[in-house]
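Structure file final.txt (compact mmCIF, C-alpha atoms and all ligand atoms) follows.
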# COMPACT_ATOMS: atom_id res chain seq x y z
CA MET X 1 39.55 -17.94 -137.14
CA THR X 2 36.17 -16.65 -136.08
CA VAL X 3 35.98 -13.26 -134.49
CA HIS X 4 32.95 -12.04 -132.64
CA ARG X 5 31.56 -8.68 -133.50
CA HIS X 6 28.25 -7.48 -132.18
CA ILE X 7 25.31 -6.99 -134.47
CA ARG X 8 23.93 -3.47 -134.49
CA ILE X 9 21.43 -1.45 -136.46
CA LEU X 10 23.19 0.76 -138.97
CA ASP X 11 22.88 4.47 -138.57
CA PRO X 12 20.10 5.52 -141.02
CA ARG X 13 22.47 7.89 -142.77
CA LEU X 14 24.81 4.99 -143.40
CA SER X 15 22.09 2.54 -144.45
CA ASN X 16 20.94 5.11 -146.98
CA GLN X 17 24.39 5.18 -148.50
CA ILE X 18 24.34 1.47 -149.09
CA ALA X 19 22.94 0.26 -152.38
CA ALA X 20 19.52 -1.02 -151.41
CA GLY X 21 17.08 -3.27 -153.19
CA GLU X 22 15.44 -6.64 -153.21
CA VAL X 23 17.90 -9.51 -153.07
CA VAL X 24 15.42 -12.38 -152.76
CA GLU X 25 14.31 -13.25 -156.23
CA ARG X 26 14.25 -17.05 -156.17
CA PRO X 27 15.66 -20.02 -154.19
CA ALA X 28 19.12 -19.47 -155.71
CA SER X 29 19.31 -15.97 -154.21
CA VAL X 30 18.43 -17.37 -150.78
CA VAL X 31 21.16 -20.00 -151.11
CA LYS X 32 23.65 -17.33 -152.15
CA GLU X 33 22.84 -15.05 -149.21
CA LEU X 34 22.84 -17.85 -146.62
CA VAL X 35 26.10 -19.39 -147.82
CA GLU X 36 27.73 -15.95 -147.96
CA ASN X 37 26.72 -15.48 -144.33
CA ALA X 38 28.24 -18.85 -143.48
CA ILE X 39 31.47 -17.86 -145.24
CA ASP X 40 31.56 -14.51 -143.45
CA ALA X 41 31.15 -16.38 -140.15
CA GLY X 42 34.47 -18.15 -140.79
CA SER X 43 32.98 -21.58 -141.54
CA GLU X 44 35.13 -24.44 -142.73
CA ARG X 45 32.25 -26.64 -143.83
CA VAL X 46 28.88 -25.65 -145.22
CA GLU X 47 26.03 -28.03 -146.03
CA ILE X 48 23.19 -27.06 -148.31
CA GLU X 49 20.04 -29.10 -148.52
CA LEU X 50 17.01 -28.49 -150.71
CA GLU X 51 13.60 -29.89 -151.39
CA ASN X 52 11.63 -29.22 -154.54
CA GLY X 53 14.21 -26.98 -156.13
CA GLY X 54 14.35 -24.95 -152.94
CA THR X 55 10.74 -23.81 -153.19
CA ARG X 56 9.68 -26.04 -150.33
CA LEU X 57 12.85 -26.10 -148.26
CA ILE X 58 16.35 -24.62 -148.19
CA ARG X 59 18.65 -25.44 -145.31
CA VAL X 60 22.18 -24.10 -144.88
CA ARG X 61 24.20 -25.47 -142.01
CA ASP X 62 27.62 -24.14 -141.05
CA ASP X 63 30.33 -24.54 -138.42
CA GLY X 64 31.16 -20.85 -138.18
CA GLY X 65 31.20 -18.51 -135.21
CA GLY X 66 27.44 -18.48 -134.63
CA ILE X 67 25.17 -15.75 -133.29
CA ALA X 68 24.79 -14.96 -129.59
CA GLU X 69 21.36 -15.62 -128.08
CA GLU X 70 20.74 -11.96 -127.27
CA GLU X 71 21.43 -10.97 -130.89
CA LEU X 72 19.24 -13.54 -132.64
CA GLY X 73 16.28 -11.19 -132.93
CA LEU X 74 18.53 -8.43 -134.16
CA ALA X 75 20.03 -10.68 -136.85
CA LEU X 76 16.60 -10.81 -138.49
CA SER X 77 16.07 -7.03 -138.34
CA ARG X 78 16.52 -4.75 -141.28
CA HIS X 79 19.85 -2.90 -141.51
CA ALA X 80 21.27 -4.94 -138.64
CA THR X 81 24.80 -6.15 -139.31
CA SER X 82 27.94 -7.07 -137.43
CA LYS X 83 30.11 -6.47 -140.47
CA ILE X 84 30.37 -2.70 -140.72
CA ALA X 85 29.69 0.15 -138.32
CA SER X 86 30.77 3.16 -140.32
CA LEU X 87 31.31 4.39 -143.83
CA ASP X 88 35.04 3.93 -143.29
CA ASP X 89 34.48 0.21 -142.72
CA LEU X 90 32.68 0.04 -146.05
CA GLU X 91 35.79 1.18 -147.80
CA GLY X 92 37.80 -1.94 -148.43
CA VAL X 93 35.17 -4.18 -146.80
CA GLY X 94 36.41 -7.76 -146.63
CA SER X 95 33.15 -9.55 -145.86
CA LEU X 96 30.66 -10.63 -148.51
CA GLY X 97 27.75 -9.08 -146.62
CA PHE X 98 27.43 -5.64 -145.07
CA ARG X 99 23.90 -4.38 -145.70
CA GLY X 100 22.15 -6.30 -142.94
CA GLU X 101 19.16 -7.00 -145.13
CA ALA X 102 19.27 -10.61 -146.30
CA LEU X 103 17.85 -12.35 -143.24
CA ALA X 104 15.21 -9.64 -142.83
CA SER X 105 14.19 -9.93 -146.49
CA ILE X 106 14.17 -13.73 -146.52
CA SER X 107 12.19 -14.03 -143.28
CA SER X 108 9.59 -11.59 -144.57
CA VAL X 109 8.71 -13.89 -147.49
CA SER X 110 9.13 -17.36 -145.97
CA ARG X 111 8.92 -19.44 -142.81
CA LEU X 112 12.40 -19.06 -141.42
CA GLU X 113 14.04 -20.92 -138.57
CA LEU X 114 17.54 -20.08 -137.41
CA ILE X 115 19.40 -22.14 -134.83
CA SER X 116 22.78 -21.02 -133.63
CA ASN X 117 25.40 -21.75 -131.02
CA ILE X 118 28.50 -19.71 -130.31
CA HIS X 119 29.88 -22.23 -127.78
CA ASP X 120 31.83 -25.43 -128.28
CA ASP X 121 29.33 -27.21 -126.04
CA PRO X 122 26.83 -28.92 -128.39
CA GLN X 123 24.17 -28.96 -125.66
CA TRP X 124 23.92 -25.22 -126.07
CA GLY X 125 22.04 -23.34 -128.78
CA TRP X 126 19.03 -21.17 -129.46
CA ARG X 127 16.33 -21.18 -132.08
CA VAL X 128 14.53 -18.20 -133.50
CA VAL X 129 11.51 -18.52 -135.75
CA ALA X 130 9.93 -15.90 -137.99
CA GLU X 131 7.08 -16.29 -140.44
CA GLY X 132 6.32 -13.51 -142.84
CA ARG X 133 6.44 -9.81 -142.22
CA GLU X 134 4.02 -9.55 -139.31
CA MET X 135 5.69 -11.96 -136.91
CA GLU X 136 7.82 -10.99 -133.96
CA PRO X 137 10.68 -13.50 -133.76
CA ARG X 138 10.21 -16.17 -131.06
CA LEU X 139 13.17 -17.65 -129.17
CA SER X 140 13.56 -21.11 -127.63
CA PRO X 141 16.50 -23.33 -126.60
CA ALA X 142 17.69 -25.81 -129.25
CA PRO X 143 20.94 -27.77 -129.06
CA HIS X 144 23.27 -27.32 -132.04
CA PRO X 145 27.00 -27.81 -132.55
CA ARG X 146 28.93 -24.55 -132.76
CA GLY X 147 27.68 -22.76 -135.85
CA THR X 148 24.40 -21.91 -137.46
CA SER X 149 21.59 -23.63 -139.35
CA VAL X 150 19.06 -21.61 -141.26
CA THR X 151 15.97 -23.32 -142.66
CA VAL X 152 13.79 -21.47 -145.14
CA ARG X 153 10.47 -23.11 -145.91
CA ASP X 154 7.75 -22.22 -148.41
CA LEU X 155 9.45 -19.31 -150.11
CA PHE X 156 6.96 -16.59 -151.12
CA PHE X 157 4.10 -18.37 -149.29
CA ASN X 158 2.68 -14.94 -148.43
CA THR X 159 3.50 -13.14 -151.69
CA PRO X 160 1.61 -14.93 -154.49
CA ALA X 161 2.69 -12.33 -157.04
CA ARG X 162 6.33 -13.24 -156.53
CA ARG X 163 5.64 -16.94 -156.26
CA LYS X 164 4.11 -16.74 -159.72
CA PHE X 165 7.50 -15.76 -161.12
CA LEU X 166 9.10 -18.97 -159.93
CA ARG X 167 9.77 -21.42 -162.74
CA THR X 168 9.63 -25.21 -162.57
CA GLU X 169 11.46 -26.89 -159.70
CA LYS X 170 13.99 -28.20 -162.17
CA THR X 171 14.74 -24.73 -163.49
CA GLU X 172 14.96 -23.28 -159.98
CA PHE X 173 17.33 -26.04 -158.97
CA GLY X 174 19.44 -25.25 -162.02
CA HIS X 175 19.82 -21.70 -160.75
CA VAL X 176 20.75 -23.02 -157.31
CA GLU X 177 23.42 -25.23 -158.85
CA GLU X 178 24.85 -22.24 -160.70
CA ALA X 179 24.95 -20.23 -157.45
CA PHE X 180 26.61 -23.23 -155.81
CA ARG X 181 29.25 -23.41 -158.55
CA ARG X 182 30.14 -19.75 -158.08
CA LEU X 183 30.37 -20.07 -154.31
CA ALA X 184 32.39 -23.27 -154.51
CA LEU X 185 34.80 -21.73 -157.01
CA SER X 186 35.19 -18.65 -154.84
CA ARG X 187 36.53 -20.52 -151.81
CA PHE X 188 38.55 -23.68 -152.29
CA ASP X 189 39.38 -23.62 -148.59
CA ILE X 190 35.78 -24.34 -147.58
CA GLY X 191 34.14 -27.76 -147.78
CA LEU X 192 30.71 -27.65 -149.41
CA THR X 193 27.93 -30.18 -149.77
CA LEU X 194 24.84 -29.88 -151.94
CA ARG X 195 21.86 -32.18 -151.44
CA HIS X 196 18.58 -32.19 -153.30
CA GLN X 197 15.64 -34.51 -152.55
CA GLN X 198 17.85 -36.51 -150.11
CA LYS X 199 20.46 -37.10 -152.80
CA THR X 200 24.02 -35.80 -152.46
CA LEU X 201 24.97 -34.09 -155.72
CA HIS X 202 28.21 -32.51 -154.62
CA GLN X 203 30.56 -33.21 -151.79
CA LEU X 204 33.53 -30.91 -152.17
CA ARG X 205 36.37 -31.30 -149.73
CA PRO X 206 38.36 -28.24 -148.71
CA GLY X 207 41.82 -27.93 -150.24
CA VAL X 208 43.89 -25.15 -151.76
CA ASP X 209 46.79 -26.99 -153.38
CA ALA X 210 46.83 -27.26 -157.15
CA SER X 211 45.44 -30.79 -157.34
CA ALA X 212 42.61 -30.09 -154.87
CA ARG X 213 41.64 -27.05 -156.87
CA GLU X 214 41.64 -28.97 -160.11
CA ARG X 215 39.59 -31.72 -158.56
CA ARG X 216 36.97 -29.19 -157.55
CA VAL X 217 36.90 -27.48 -160.93
CA SER X 218 36.44 -30.85 -162.63
CA ALA X 219 33.68 -31.84 -160.21
CA LEU X 220 31.84 -28.60 -160.90
CA LEU X 221 32.42 -28.09 -164.62
CA GLY X 222 33.26 -31.54 -165.92
CA SER X 223 36.63 -33.16 -166.46
CA LYS X 224 36.89 -31.78 -170.02
CA PHE X 225 37.12 -28.22 -168.78
CA LEU X 226 40.75 -28.41 -167.67
CA ASP X 227 41.81 -30.57 -170.60
CA ASN X 228 41.01 -27.62 -172.82
CA ALA X 229 42.20 -24.79 -170.64
CA LEU X 230 45.45 -23.03 -169.82
CA HIS X 231 46.49 -22.23 -166.32
CA LEU X 232 47.80 -18.75 -165.79
CA ASP X 233 49.16 -16.76 -162.91
CA MET X 234 50.42 -13.24 -163.50
CA GLU X 235 51.29 -10.41 -161.21
CA THR X 236 51.96 -6.75 -161.72
CA GLY X 237 51.84 -3.58 -159.64
CA GLY X 238 49.97 -5.07 -156.69
CA MET X 239 47.51 -6.96 -158.89
CA ARG X 240 47.42 -10.69 -159.43
CA LEU X 241 45.41 -12.59 -162.02
CA TRP X 242 45.27 -16.36 -161.88
CA GLY X 243 43.00 -19.16 -162.96
CA TRP X 244 42.16 -21.02 -166.13
CA VAL X 245 41.24 -19.79 -169.58
CA GLY X 246 39.79 -22.03 -172.24
CA LEU X 247 41.63 -22.65 -175.47
CA PRO X 248 40.03 -20.87 -178.42
CA THR X 249 39.19 -24.32 -179.82
CA HIS X 250 37.09 -24.94 -176.73
CA SER X 251 34.77 -21.97 -177.17
CA ARG X 252 31.05 -22.26 -176.62
CA ALA X 253 27.89 -21.06 -178.32
CA GLN X 254 26.78 -19.51 -175.03
CA ALA X 255 28.60 -17.51 -172.40
CA ASP X 256 27.67 -20.09 -169.78
CA GLN X 257 31.07 -21.06 -168.38
CA GLN X 258 32.55 -17.74 -167.44
CA TYR X 259 33.53 -17.08 -163.87
CA PHE X 260 35.33 -13.97 -162.78
CA PHE X 261 36.13 -13.22 -159.16
CA VAL X 262 37.45 -10.02 -157.69
CA ASN X 263 38.88 -10.61 -154.25
CA ARG X 264 36.86 -13.83 -153.90
CA ARG X 265 33.59 -12.18 -154.91
CA VAL X 266 31.94 -13.22 -158.15
CA VAL X 267 31.61 -10.22 -160.40
CA ARG X 268 29.99 -9.31 -163.70
CA ASP X 269 31.65 -6.23 -165.00
CA ARG X 270 31.60 -4.53 -168.40
CA LEU X 271 35.18 -3.43 -168.22
CA VAL X 272 36.32 -6.94 -167.35
CA ALA X 273 34.14 -8.46 -170.06
CA HIS X 274 35.56 -6.01 -172.59
CA ALA X 275 39.18 -6.77 -171.70
CA ILE X 276 38.57 -10.52 -172.03
CA ARG X 277 36.70 -10.13 -175.32
CA GLN X 278 39.55 -8.06 -176.73
CA ALA X 279 42.13 -10.63 -175.69
CA TYR X 280 40.19 -13.37 -177.50
CA ARG X 281 39.25 -11.21 -180.46
CA ASP X 282 41.73 -12.56 -182.95
CA VAL X 283 41.47 -16.18 -181.91
CA LEU X 284 37.71 -16.69 -181.58
CA PHE X 285 35.07 -16.74 -184.24
CA HIS X 286 32.41 -14.10 -184.06
CA GLY X 287 29.53 -15.22 -181.86
CA ARG X 288 31.58 -17.79 -179.96
CA HIS X 289 32.27 -17.39 -176.24
CA PRO X 290 35.39 -18.33 -174.31
CA VAL X 291 35.26 -20.30 -171.06
CA PHE X 292 37.23 -19.09 -168.08
CA ILE X 293 37.61 -19.13 -164.32
CA LEU X 294 39.65 -16.12 -163.32
CA TYR X 295 40.62 -14.60 -160.03
CA LEU X 296 41.69 -11.00 -159.79
CA GLU X 297 43.26 -10.06 -156.51
CA LEU X 298 43.99 -6.47 -155.65
CA ASP X 299 44.01 -4.10 -152.71
CA PRO X 300 40.37 -3.97 -151.48
CA SER X 301 40.56 -0.22 -151.05
CA VAL X 302 40.79 0.28 -154.82
CA VAL X 303 37.52 -1.59 -155.53
CA ASP X 304 34.07 -0.35 -154.57
CA VAL X 305 31.61 -3.22 -154.02
CA ASN X 306 28.79 -0.97 -152.87
CA VAL X 307 27.38 -0.46 -156.34
CA HIS X 308 24.50 -2.90 -156.52
CA PRO X 309 22.49 -4.82 -153.87
CA THR X 310 23.54 -8.24 -155.19
CA LYS X 311 27.14 -6.95 -155.17
CA HIS X 312 27.75 -8.54 -158.56
CA GLU X 313 29.01 -5.22 -159.84
CA VAL X 314 32.11 -3.42 -158.73
CA ARG X 315 33.83 -0.18 -159.54
CA PHE X 316 37.58 -0.02 -159.87
CA ARG X 317 39.36 3.13 -158.84
CA ASP X 318 41.69 2.78 -161.81
CA GLY X 319 39.65 0.95 -164.41
CA ARG X 320 42.12 1.61 -167.20
CA MET X 321 44.93 -0.10 -165.32
CA VAL X 322 42.79 -3.14 -164.49
CA HIS X 323 41.62 -3.38 -168.09
CA ASP X 324 45.16 -3.23 -169.47
CA PHE X 325 46.43 -5.77 -166.98
CA LEU X 326 43.65 -8.23 -167.83
CA PHE X 327 44.04 -7.74 -171.55
CA SER X 328 47.81 -8.10 -171.63
CA SER X 329 47.86 -11.12 -169.29
CA LEU X 330 45.26 -12.99 -171.31
CA HIS X 331 46.65 -11.95 -174.64
CA ARG X 332 50.05 -13.25 -173.63
CA ALA X 333 48.71 -16.52 -172.24
CA LEU X 334 46.68 -17.16 -175.38
CA GLY X 335 49.56 -16.15 -177.62
CA GLU X 336 51.91 -18.58 -175.93
CA ALA X 337 49.39 -21.35 -176.37
CA ARG X 338 49.35 -20.87 -180.12
CA PRO X 339 52.31 -22.22 -182.07
CA ALA X 340 53.67 -19.47 -184.34
CA GLY X 341 51.92 -19.33 -187.69
CA ASP X 342 49.03 -21.50 -186.52
CA SER X 343 45.69 -20.28 -187.80
CA VAL X 344 42.40 -20.15 -186.00
CA GLU X 345 40.55 -23.43 -186.08
CA THR X 346 37.06 -23.84 -187.34
CA PRO X 347 34.54 -24.27 -184.50
P1 LIG X 401 24.78 -8.94 -143.52
O1 LIG X 401 25.34 -10.25 -143.99
O2 LIG X 401 24.74 -7.93 -144.60
O3 LIG X 401 25.40 -8.44 -142.26
P2 LIG X 401 22.37 -10.50 -142.98
O4 LIG X 401 20.93 -10.12 -142.87
O5 LIG X 401 22.73 -11.50 -144.02
O6 LIG X 401 23.22 -9.17 -143.16
O7 LIG X 401 22.83 -11.06 -141.57
C1 LIG X 401 22.67 -10.22 -140.42
C2 LIG X 401 23.69 -10.55 -139.35
O8 LIG X 401 23.40 -11.83 -138.79
C3 LIG X 401 25.13 -10.66 -139.86
O9 LIG X 401 25.78 -9.39 -139.86
C4 LIG X 401 25.75 -11.61 -138.84
O10 LIG X 401 26.17 -10.94 -137.70
C5 LIG X 401 24.60 -12.51 -138.46
N1 LIG X 401 24.59 -13.79 -139.20
C6 LIG X 401 23.82 -14.13 -140.24
N2 LIG X 401 24.06 -15.39 -140.67
C7 LIG X 401 25.05 -15.86 -139.86
C8 LIG X 401 25.77 -17.12 -139.78
N3 LIG X 401 25.52 -18.12 -140.62
N4 LIG X 401 26.72 -17.23 -138.81
C9 LIG X 401 26.98 -16.22 -137.96
N5 LIG X 401 26.34 -15.04 -137.99
C10 LIG X 401 25.39 -14.85 -138.92
MG MG X 402 24.41 -11.53 -145.35

So that I can check it, write out the structure of this file as structure tokens.
Ligand code: ADP
Ligand code: MG
Amino acid sequence: MTVHRHIRILDPRLSNQIAAGEVVERPASVVKELVENAIDAGSERVEIELENGGTRLIRVRDDGGGIAEEELGLALSRHATSKIASLDDLEGVGSLGFRGEALASISSVSRLELISNIHDDPQWGWRVVAEGREMEPRLSPAPHPRGTSVTVRDLFFNTPARRKFLRTEKTEFGHVEEAFRRLALSRFDIGLTLRHQQKTLHQLRPGVDASARERRVSALLGSKFLDNALHLDMETGGMRLWGWVGLPTHSRAQADQQYFFVNRRVVRDRLVAHAIRQAYRDVLFHGRHPVFILYLELDPSVVDVNVHPTKHEVRFRDGRMVHDFLFSSLHRALGEARPAGDSVETP
């Protein structure tokens, strides 16, 4: 269901209360922001296309609610958002975005074209183009099926200092793939396609039943992942934790397959990391890292996502309770997996 809310400039007092900062670091951050916008727009299918690791071109096409013609210019303005209007809205915010900064930031360091249509008539649609900081957005008609396509070309073309920090196209594409994995694991109900240099690398169909989920996990992390993982699903006091945790025998030298989502948002949190480490403490060798894909679901009003501009950090109202719930759920799941008296295996 797509609902239309008007885009407006946030009251300066409110925008000052929102964690601010640069979100455009590299192609992967652009992909993250654009796909999050597509998700917030209620899209069912999202297509991502890149050239040269995203340094030359990034295109994200969705079938969401679109942006009305008269709001296209506003969409590219700083602190313009349709997602919150007051501080109250920020409490328990359900959308991934709310700062109204991504499109403004991206368009200030690239050549950006956005085409959108809010109608079911595919003859309809408008294009807005912006290049760098100085440009006023220009509007022209452009047919597009209902939804939005954003094309970002020549990232950092006007900021050589930041372009210098880009790594090889291969490395940048690796970061994009990691961002894609996180997004794809966050929403099994959305179909996602990833193309690079005209080649389709991922075509993930939407599906939320157990087998569709497992198919997606295997496509993203390899078929071995689930062979060596336990499925868990636990609930207590309004909190639910579900997902997959790797068997201790399937640990890794690097912490590179660890995904933790809080209310469908990927999160890196010290408290969470600590609880997981504790649960694995007796079954993992020092220096080894568990693999996991975990989803924590809890009342949005007890989590604050307005901590950091990338929103990868959260603050729990009752951190102790969350920590204990995570620890005990994982400890139990891992304990059940181990036959009594079995000792820890050598890595
Ligand atoms: P935020 O997501 O924090 O609101 P953005 O700069 O990412 O800020 O986007 C600004 C506004 O433009 C959004 O609030 C939304 O109204 C609109 N918008 C951006 N991308 C899309 C999209 N793909 N589909 C529909 N609306 C969009
Ligand atoms: Mg956004």

Subject >> Expected answer as a PyMOL selection string: residues within 8 Å of ligand LIG 401 (chain X), all atoms listed in the file >> reply: chain X and resi 5-7+33-41+61-62+64-67+72+74-84+96-105+116+147-150

**OP:** Go through X:Leu194, X:Leu166, X:Val24, X:Ala212 one by one, measure the shortest atom-to-atom distance of each to ligand MG 402 (chain X) using only C-alpha atoms and all ligand atoms, and give the residue with the smallest value.
**Re:**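 Of X:Leu194, X:Leu166, X:Val24, X:Ala212, the one nearest ligand MG 402 (chain X) is X:Val24, counting only C-alpha atoms and all ligand atoms.
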
Subject >> Point (26.0, -27.4, -127.3) neighbourhood (12 Å, only C-alpha atoms) written as a ChimeraX atom specification >> reply: /X:66,115-126,141-148

Subject >> Which of X:Gly132, X:Gly287, X:Gly222, X:Gly238 sits closest to Arg252 of chain X [using all atoms listed in the file] >> reply: X:Gly287

Original post:
Distance atom CA of Arg213 of chain X-atom CA of Met239 of chain X, one decimal place?
Top reply: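 The value is 21.0 Å.
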
**OP:** Identify, on the basis of all atoms listed in the file, every residue whose closest approach to Leu226 of chain X does not exceed 12 Å; exclude the query and any residue fewer than 5 positions from it along the same chain; express the result as a PyMOL selection string.
**Re:** chain X and resi 211+213-221+231+243-247+250+291-293

Subject >> Long-range neighbours of Phe165 of chain X as a list in words, 9 Å cut-off, only C-alpha atoms, 4 positions minimum in chain >> reply: Glu25, Arg26, Pro160 and Ala161 of chain X

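In this comparison, which uses only C-alpha atoms, the residue of X:Thr236, X:Phe156, X:Gln203, X:Val305 approaching Met321 of chain X most closely is X:Thr236.
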
**OP:** List the neighbours of Gly237 of chain X out to 12 Å using all atoms listed in the file; skip same-chain residues closer than 6 positions along the sequence, and give me the result as a ChimeraX atom specification.
**Re:** /X:297-299,321-322,324-325

**OP:** Provide the atom CA of Arg111 of chain X to atom CA of Leu155 of chain X distance in Å, to one decimal place.
**Re:**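 It comes out at 7.3 Å.
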
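Among the candidates X:Val272, X:Val31, X:Leu296, X:Val302, the one nearest to ligand MG 402 (chain X) when counting all atoms listed in the file is X:Val31.
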
Original post:
How many Å lie between atom CA of Glu313 of chain X and atom CA of His175 of chain X, rounded to one decimal?
Top reply: 18.9 Å

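Residue nearest Leu192 of chain X within the list X:Arg45, X:Arg320, X:Arg59, X:Arg264: X:Arg45 [criterion: smallest interatomic distance, all atoms listed in the file].
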
Subject >> Nearest candidate to ligand MG 402 (chain X) (options X:Arg162, X:His308, X:His331, X:Lys32; using only C-alpha atoms and all ligand atoms) >> reply: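 Among the listed residues, the smallest separation from ligand MG 402 (chain X) belongs to X:Lys32.
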
Subject >> Near-Val266 of chain X list (10 Å; all atoms listed in the file; drop same-chain fewer than 5 positions) as a ChimeraX atom specification >> reply: /X:179,182-183,185-186,259-261,294-295,311-314
